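File shown: query.cif. Contents: mmCIF, C-alpha atoms.
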data_upload
#
loop_
_atom_site.label_atom_id
_atom_site.label_comp_id
_atom_site.auth_asym_id
_atom_site.auth_seq_id
_atom_site.Cartn_x
_atom_site.Cartn_y
_atom_site.Cartn_z
CA MET A 621 119.50 171.49 172.32
CA SER A 622 119.21 174.34 169.89
CA PRO A 623 115.93 176.22 169.59
CA PRO A 624 113.63 175.28 166.70
CA SER A 625 114.20 176.93 163.35
CA SER A 626 112.31 180.15 162.83
CA GLY A 627 112.34 179.74 159.05
CA PRO A 628 109.24 179.07 156.96
CA GLN A 629 107.53 175.74 157.62
CA LEU A 630 107.00 173.30 154.75
CA PRO A 631 103.40 172.32 154.04
CA PHE A 632 102.61 168.81 155.30
CA PRO A 633 102.53 167.17 151.82
CA ASN A 634 106.01 168.53 151.06
CA LEU A 635 107.32 167.51 154.48
CA PHE A 636 105.80 164.04 154.08
CA ALA A 637 107.35 163.64 150.61
CA ALA A 638 110.79 164.79 151.78
CA SER A 639 110.60 162.46 154.78
CA ALA A 640 109.48 159.52 152.64
CA ILE A 641 112.23 160.11 150.07
CA SER A 642 114.93 160.27 152.74
CA ALA A 643 113.63 157.12 154.45
CA CYS A 644 113.48 155.25 151.12
CA THR A 645 117.00 156.36 150.22
CA ALA A 646 118.30 155.03 153.53
CA GLU A 647 116.40 151.75 153.00
CA ALA A 648 117.84 151.25 149.50
CA LEU A 649 121.40 152.03 150.62
CA THR A 650 121.38 149.82 153.71
CA LEU A 651 119.35 146.85 152.43
CA PRO A 652 122.36 144.87 151.12
CA LEU A 653 124.03 145.09 154.53
CA ASP A 654 120.80 144.15 156.27
CA THR A 655 120.38 141.17 153.92
CA ALA A 656 123.90 140.01 154.75
CA LYS A 657 123.29 140.52 158.49
CA VAL A 658 120.16 138.36 158.37
CA ARG A 659 121.97 135.60 156.46
CA LEU A 660 124.74 135.62 159.06
CA GLN A 661 122.19 135.47 161.88
CA LEU A 662 120.36 132.57 160.27
CA GLN A 663 123.63 130.72 159.78
CA GLY A 664 124.28 130.84 163.52
CA GLY A 665 127.61 130.89 165.25
CA GLY A 666 128.96 127.70 163.69
CA ALA A 667 131.10 127.33 160.61
CA GLY A 668 129.21 128.04 157.40
CA LYS A 669 129.64 129.47 153.96
CA TYR A 670 129.18 133.07 155.11
CA LYS A 671 132.15 134.78 156.74
CA GLY A 672 131.91 138.41 157.78
CA LEU A 673 129.57 141.10 156.53
CA LEU A 674 131.38 142.01 153.31
CA GLY A 675 132.28 138.38 152.62
CA THR A 676 128.60 137.49 152.92
CA CYS A 677 127.68 140.26 150.46
CA MET A 678 130.26 138.97 147.99
CA THR A 679 129.10 135.35 148.39
CA ILE A 680 125.46 136.31 147.82
CA ALA A 681 126.34 138.39 144.76
CA ARG A 682 128.51 135.61 143.31
CA GLU A 683 126.09 132.73 143.94
CA GLU A 684 122.70 134.43 143.44
CA GLY A 685 123.56 137.54 141.46
CA PRO A 686 123.97 141.10 142.68
CA SER A 687 120.21 141.75 142.62
CA ALA A 688 119.78 139.18 145.42
CA LEU A 689 121.23 141.76 147.83
CA TRP A 690 118.13 143.88 147.24
CA LYS A 691 115.51 141.13 147.67
CA GLY A 692 112.61 142.62 149.57
CA LEU A 693 113.29 146.19 148.45
CA LYS A 694 109.75 146.80 147.18
CA PRO A 695 107.94 146.01 150.46
CA GLY A 696 110.71 147.81 152.35
CA LEU A 697 110.10 150.97 150.32
CA HIS A 698 106.35 150.72 150.87
CA ARG A 699 106.94 150.48 154.60
CA GLN A 700 109.37 153.41 154.60
CA VAL A 701 107.02 155.66 152.63
CA MET A 702 104.31 155.22 155.25
CA TYR A 703 106.38 154.76 158.39
CA GLY A 704 109.19 157.20 157.63
CA GLY A 705 106.97 159.75 155.94
CA LEU A 706 104.45 159.86 158.76
CA ARG A 707 106.93 159.56 161.63
CA ILE A 708 109.13 162.39 160.44
CA GLY A 709 106.35 164.34 158.72
CA LEU A 710 104.10 164.39 161.78
CA TYR A 711 106.82 165.37 164.23
CA GLU A 712 106.65 169.15 163.73
CA PRO A 713 102.84 169.46 163.47
CA VAL A 714 102.32 167.33 166.59
CA SER A 715 105.10 169.15 168.43
CA GLN A 716 103.66 172.56 167.58
CA ARG A 717 100.15 171.54 168.51
CA ARG A 718 101.27 170.13 171.85
CA SER A 719 103.29 173.24 172.68
CA CYS A 720 100.37 175.50 171.80
CA GLN A 721 98.05 173.46 174.02
CA ARG A 722 100.43 173.57 176.98
CA HIS A 723 101.61 177.18 176.54
CA CYS A 724 105.16 176.26 177.37
CA THR A 725 107.43 179.14 178.19
CA THR A 726 110.55 177.37 179.44
CA HIS A 727 113.16 175.78 177.24
CA THR A 728 113.17 172.53 179.24
CA ASN A 729 109.42 172.02 178.93
CA GLY A 730 109.61 172.70 175.19
CA ASP A 731 112.31 170.04 174.81
CA GLN A 732 110.19 167.58 176.77
CA LEU A 733 107.20 168.30 174.57
CA ARG A 734 109.21 167.85 171.40
CA ALA A 735 110.47 164.51 172.71
CA ALA A 736 106.90 163.50 173.57
CA ALA A 737 105.71 164.55 170.12
CA GLY A 738 108.35 162.37 168.47
CA THR A 739 107.37 159.47 170.68
CA ALA A 740 103.66 159.99 169.91
CA ALA A 741 104.24 160.26 166.15
CA THR A 742 106.08 156.92 165.95
CA PRO A 743 103.13 154.67 166.97
CA ALA A 744 100.84 156.73 164.77
CA ALA A 745 103.10 156.01 161.80
CA ALA A 746 103.45 152.34 162.70
CA THR A 747 99.68 151.82 162.62
CA ALA A 748 99.29 153.44 159.20
#
Starting from the file, give its structure as structure tokens.
Amino acid sequence: MSPPSSGPQLPFPNLFAASAISACTAEALTLPLDTAKVRLQLQGGGAGKYKGLLGTCMTIAREEGPSALWKGLKPGLHRQVMYGGLRIGLYEPVSQRRSCQRHCTTHTNGDQLRAAAGTAATPAAATA
């Protein structure tokens, strides 16, 4: 792993906003594929009207309108703002705090602490 960046750190509100925006962008771009995946899963393995991922997207758009591919976007964005923003936004502050508390001097211990910080930040974001 490469050492952490020595550049200036973003303030937490800016880091949270950047994290939330990136998570929401990913949610909006992948939701149509996720919608199609869920429809295919619900259909089961037997013969049905949905065939393949792109075929399912086309069938949904044709029968229900293109906006049907983005059903559930609003709650998905709400979730991503909190979950993505906190998970990614808390990573650096938690990582730095943990490394300061432990006074790590070796590269391996620092990597382990950064991994632990990422793991600790995820449940914190999920409970928000």
Selection dump of the PyMOL selection byres ((chain A and resi 638) around 12), as an mmCIF file with C-alpha atoms, in the coordinates of the input:
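New file out.cif:
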data_model
loop_
_atom_site.group_PDB
_atom_site.id
_atom_site.type_symbol
_atom_site.label_atom_id
_atom_site.label_comp_id
_atom_site.auth_asym_id
_atom_site.auth_seq_id
_atom_site.Cartn_x
_atom_site.Cartn_y
_atom_site.Cartn_z
ATOM 1 C CA LEU A 630 107.000 173.300 154.750
ATOM 2 C CA PRO A 631 103.400 172.320 154.040
ATOM 3 C CA PHE A 632 102.610 168.810 155.300
ATOM 4 C CA PRO A 633 102.530 167.170 151.820
ATOM 5 C CA ASN A 634 106.010 168.530 151.060
ATOM 6 C CA LEU A 635 107.320 167.510 154.480
ATOM 7 C CA PHE A 636 105.800 164.040 154.080
ATOM 8 C CA ALA A 637 107.350 163.640 150.610
ATOM 9 C CA SER A 639 110.600 162.460 154.780
ATOM 10 C CA ALA A 640 109.480 159.520 152.640
ATOM 11 C CA ILE A 641 112.230 160.110 150.070
ATOM 12 C CA SER A 642 114.930 160.270 152.740
ATOM 13 C CA ALA A 643 113.630 157.120 154.450
ATOM 14 C CA CYS A 644 113.480 155.250 151.120
ATOM 15 C CA THR A 645 117.000 156.360 150.220
ATOM 16 C CA GLN A 700 109.370 153.410 154.600
ATOM 17 C CA VAL A 701 107.020 155.660 152.630
ATOM 18 C CA GLY A 704 109.190 157.200 157.630
ATOM 19 C CA GLY A 705 106.970 159.750 155.940
ATOM 20 C CA LEU A 706 104.450 159.860 158.760
ATOM 21 C CA ARG A 707 106.930 159.560 161.630
ATOM 22 C CA ILE A 708 109.130 162.390 160.440
ATOM 23 C CA GLY A 709 106.350 164.340 158.720
#
Select all residues near (120.2, 133.3, 155.3) (cut-off 12 Å, inclusive, file coordinates), counting all atoms listed in the file, and output them as JSON, numbers by chain.
{"A": [654, 655, 656, 657, 658, 659, 660, 661, 662, 663, 664, 668, 669, 670, 676, 677, 679, 680, 688, 689, 691]}
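Minimum distance to Pro713 of chain A across A:Glu684, A:Gln629, A:Gly666, A:Leu649 (counting all atoms listed in the file) occurs at A:Gln629.
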One decimal place gives the atom CA of Ala736 of chain A-atom CA of Ser715 of chain A separation as 7.8 Å
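Here atom CA of Lys694 of chain A is placed at a distance of 25.4 Å from atom CA of Tyr711 of chain A.
Note that the spacing between atom CA of Ala646 of chain A and atom CA of Thr739 of chain A amounts to 20.8 Å.
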Once 8 Å is added on each side, what are the centre and the three edge lengths, in Å to one decimal, of the axis-aligned box enclosing the listed atoms of segment 669-673 of chain A? Present them as lines of an AutoDock Vina configuration file.
center_x = 130.7
center_y = 135.3
center_z = 155.9
size_x = 19.0
size_y = 27.6
size_z = 19.8
Would you mind completing segment 694-705 of chain A so that it carries all heavy atoms, and writing it out as an mmCIF file, in the frame of the given file?
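For reference, selection.cif as written:
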data_model
loop_
_atom_site.group_PDB
_atom_site.id
_atom_site.type_symbol
_atom_site.label_atom_id
_atom_site.label_comp_id
_atom_site.auth_asym_id
_atom_site.auth_seq_id
_atom_site.Cartn_x
_atom_site.Cartn_y
_atom_site.Cartn_z
ATOM 1 N N LYS A 694 111.068 146.217 147.439
ATOM 2 C CA LYS A 694 109.750 146.800 147.180
ATOM 3 C C LYS A 694 108.904 146.911 148.455
ATOM 4 O O LYS A 694 108.416 148.006 148.761
ATOM 5 C CB LYS A 694 109.031 145.997 146.101
ATOM 6 C CG LYS A 694 107.812 146.673 145.550
ATOM 7 C CD LYS A 694 107.270 145.892 144.353
ATOM 8 C CE LYS A 694 106.103 146.599 143.728
ATOM 9 N NZ LYS A 694 105.599 145.875 142.560
ATOM 10 N N PRO A 695 108.721 145.836 149.226
ATOM 11 C CA PRO A 695 107.940 146.010 150.460
ATOM 12 C C PRO A 695 108.647 146.916 151.468
ATOM 13 O O PRO A 695 107.990 147.633 152.230
ATOM 14 C CB PRO A 695 107.778 144.592 151.008
ATOM 15 C CG PRO A 695 108.692 143.733 150.247
ATOM 16 C CD PRO A 695 109.038 144.436 148.980
ATOM 17 N N GLY A 696 109.983 146.912 151.457
ATOM 18 C CA GLY A 696 110.710 147.810 152.350
ATOM 19 C C GLY A 696 110.459 149.266 152.017
ATOM 20 O O GLY A 696 110.313 150.102 152.916
ATOM 21 N N LEU A 697 110.387 149.583 150.731
ATOM 22 C CA LEU A 697 110.100 150.970 150.320
ATOM 23 C C LEU A 697 108.677 151.363 150.673
ATOM 24 O O LEU A 697 108.423 152.489 151.105
ATOM 25 C CB LEU A 697 110.368 151.146 148.825
ATOM 26 C CG LEU A 697 111.823 151.020 148.382
ATOM 27 C CD1 LEU A 697 111.932 151.189 146.873
ATOM 28 C CD2 LEU A 697 112.715 152.005 149.103
ATOM 29 N N HIS A 698 107.744 150.433 150.494
ATOM 30 C CA HIS A 698 106.350 150.720 150.870
ATOM 31 C C HIS A 698 106.272 151.054 152.357
ATOM 32 O O HIS A 698 105.592 152.000 152.756
ATOM 33 C CB HIS A 698 105.444 149.532 150.545
ATOM 34 C CG HIS A 698 105.151 149.372 149.099
ATOM 35 N ND1 HIS A 698 103.897 149.484 148.588
ATOM 36 C CD2 HIS A 698 105.960 149.127 148.053
ATOM 37 C CE1 HIS A 698 103.938 149.307 147.280
ATOM 38 N NE2 HIS A 698 105.185 149.082 146.936
ATOM 39 N N ARG A 699 106.947 150.245 153.161
ATOM 40 C CA ARG A 699 106.940 150.480 154.600
ATOM 41 C C ARG A 699 107.556 151.833 154.934
ATOM 42 O O ARG A 699 107.036 152.583 155.755
ATOM 43 C CB ARG A 699 107.721 149.367 155.307
ATOM 44 C CG ARG A 699 107.835 149.592 156.799
ATOM 45 C CD ARG A 699 108.755 148.521 157.416
ATOM 46 N NE ARG A 699 109.063 148.853 158.775
ATOM 47 C CZ ARG A 699 110.058 149.648 159.163
ATOM 48 N NH1 ARG A 699 110.861 150.191 158.279
ATOM 49 N NH2 ARG A 699 110.272 149.894 160.433
ATOM 50 N N GLN A 700 108.681 152.160 154.298
ATOM 51 C CA GLN A 700 109.370 153.410 154.600
ATOM 52 C C GLN A 700 108.575 154.637 154.171
ATOM 53 O O GLN A 700 108.642 155.668 154.826
ATOM 54 C CB GLN A 700 110.770 153.423 153.973
ATOM 55 C CG GLN A 700 111.735 152.476 154.626
ATOM 56 C CD GLN A 700 111.930 152.745 156.101
ATOM 57 O OE1 GLN A 700 111.758 153.841 156.600
ATOM 58 N NE2 GLN A 700 112.298 151.703 156.825
ATOM 59 N N VAL A 701 107.839 154.519 153.062
ATOM 60 C CA VAL A 701 107.020 155.660 152.630
ATOM 61 C C VAL A 701 106.016 155.998 153.728
ATOM 62 O O VAL A 701 105.867 157.150 154.129
ATOM 63 C CB VAL A 701 106.302 155.377 151.293
ATOM 64 C CG1 VAL A 701 105.187 156.380 151.037
ATOM 65 C CG2 VAL A 701 107.299 155.407 150.149
ATOM 66 N N MET A 702 105.326 154.968 154.224
ATOM 67 C CA MET A 702 104.310 155.220 155.250
ATOM 68 C C MET A 702 104.945 155.504 156.608
ATOM 69 O O MET A 702 104.650 156.512 157.238
ATOM 70 C CB MET A 702 103.344 154.038 155.357
ATOM 71 C CG MET A 702 102.517 153.840 154.104
ATOM 72 S SD MET A 702 101.668 155.341 153.548
ATOM 73 C CE MET A 702 100.555 155.619 154.887
ATOM 74 N N TYR A 703 105.811 154.627 157.056
ATOM 75 C CA TYR A 703 106.380 154.760 158.390
ATOM 76 C C TYR A 703 107.289 155.979 158.492
ATOM 77 O O TYR A 703 107.116 156.825 159.369
ATOM 78 C CB TYR A 703 107.139 153.486 158.752
ATOM 79 C CG TYR A 703 107.760 153.512 160.117
ATOM 80 C CD1 TYR A 703 106.978 153.401 161.251
ATOM 81 C CD2 TYR A 703 109.130 153.654 160.276
ATOM 82 C CE1 TYR A 703 107.535 153.424 162.498
ATOM 83 C CE2 TYR A 703 109.701 153.677 161.519
ATOM 84 C CZ TYR A 703 108.903 153.556 162.639
ATOM 85 O OH TYR A 703 109.476 153.597 163.874
ATOM 86 N N GLY A 704 108.252 156.076 157.595
ATOM 87 C CA GLY A 704 109.190 157.200 157.630
ATOM 88 C C GLY A 704 108.521 158.519 157.324
ATOM 89 O O GLY A 704 108.764 159.533 157.983
ATOM 90 N N GLY A 705 107.663 158.508 156.313
ATOM 91 C CA GLY A 705 106.970 159.750 155.940
ATOM 92 C C GLY A 705 106.100 160.276 157.060
ATOM 93 O O GLY A 705 106.121 161.468 157.375
#
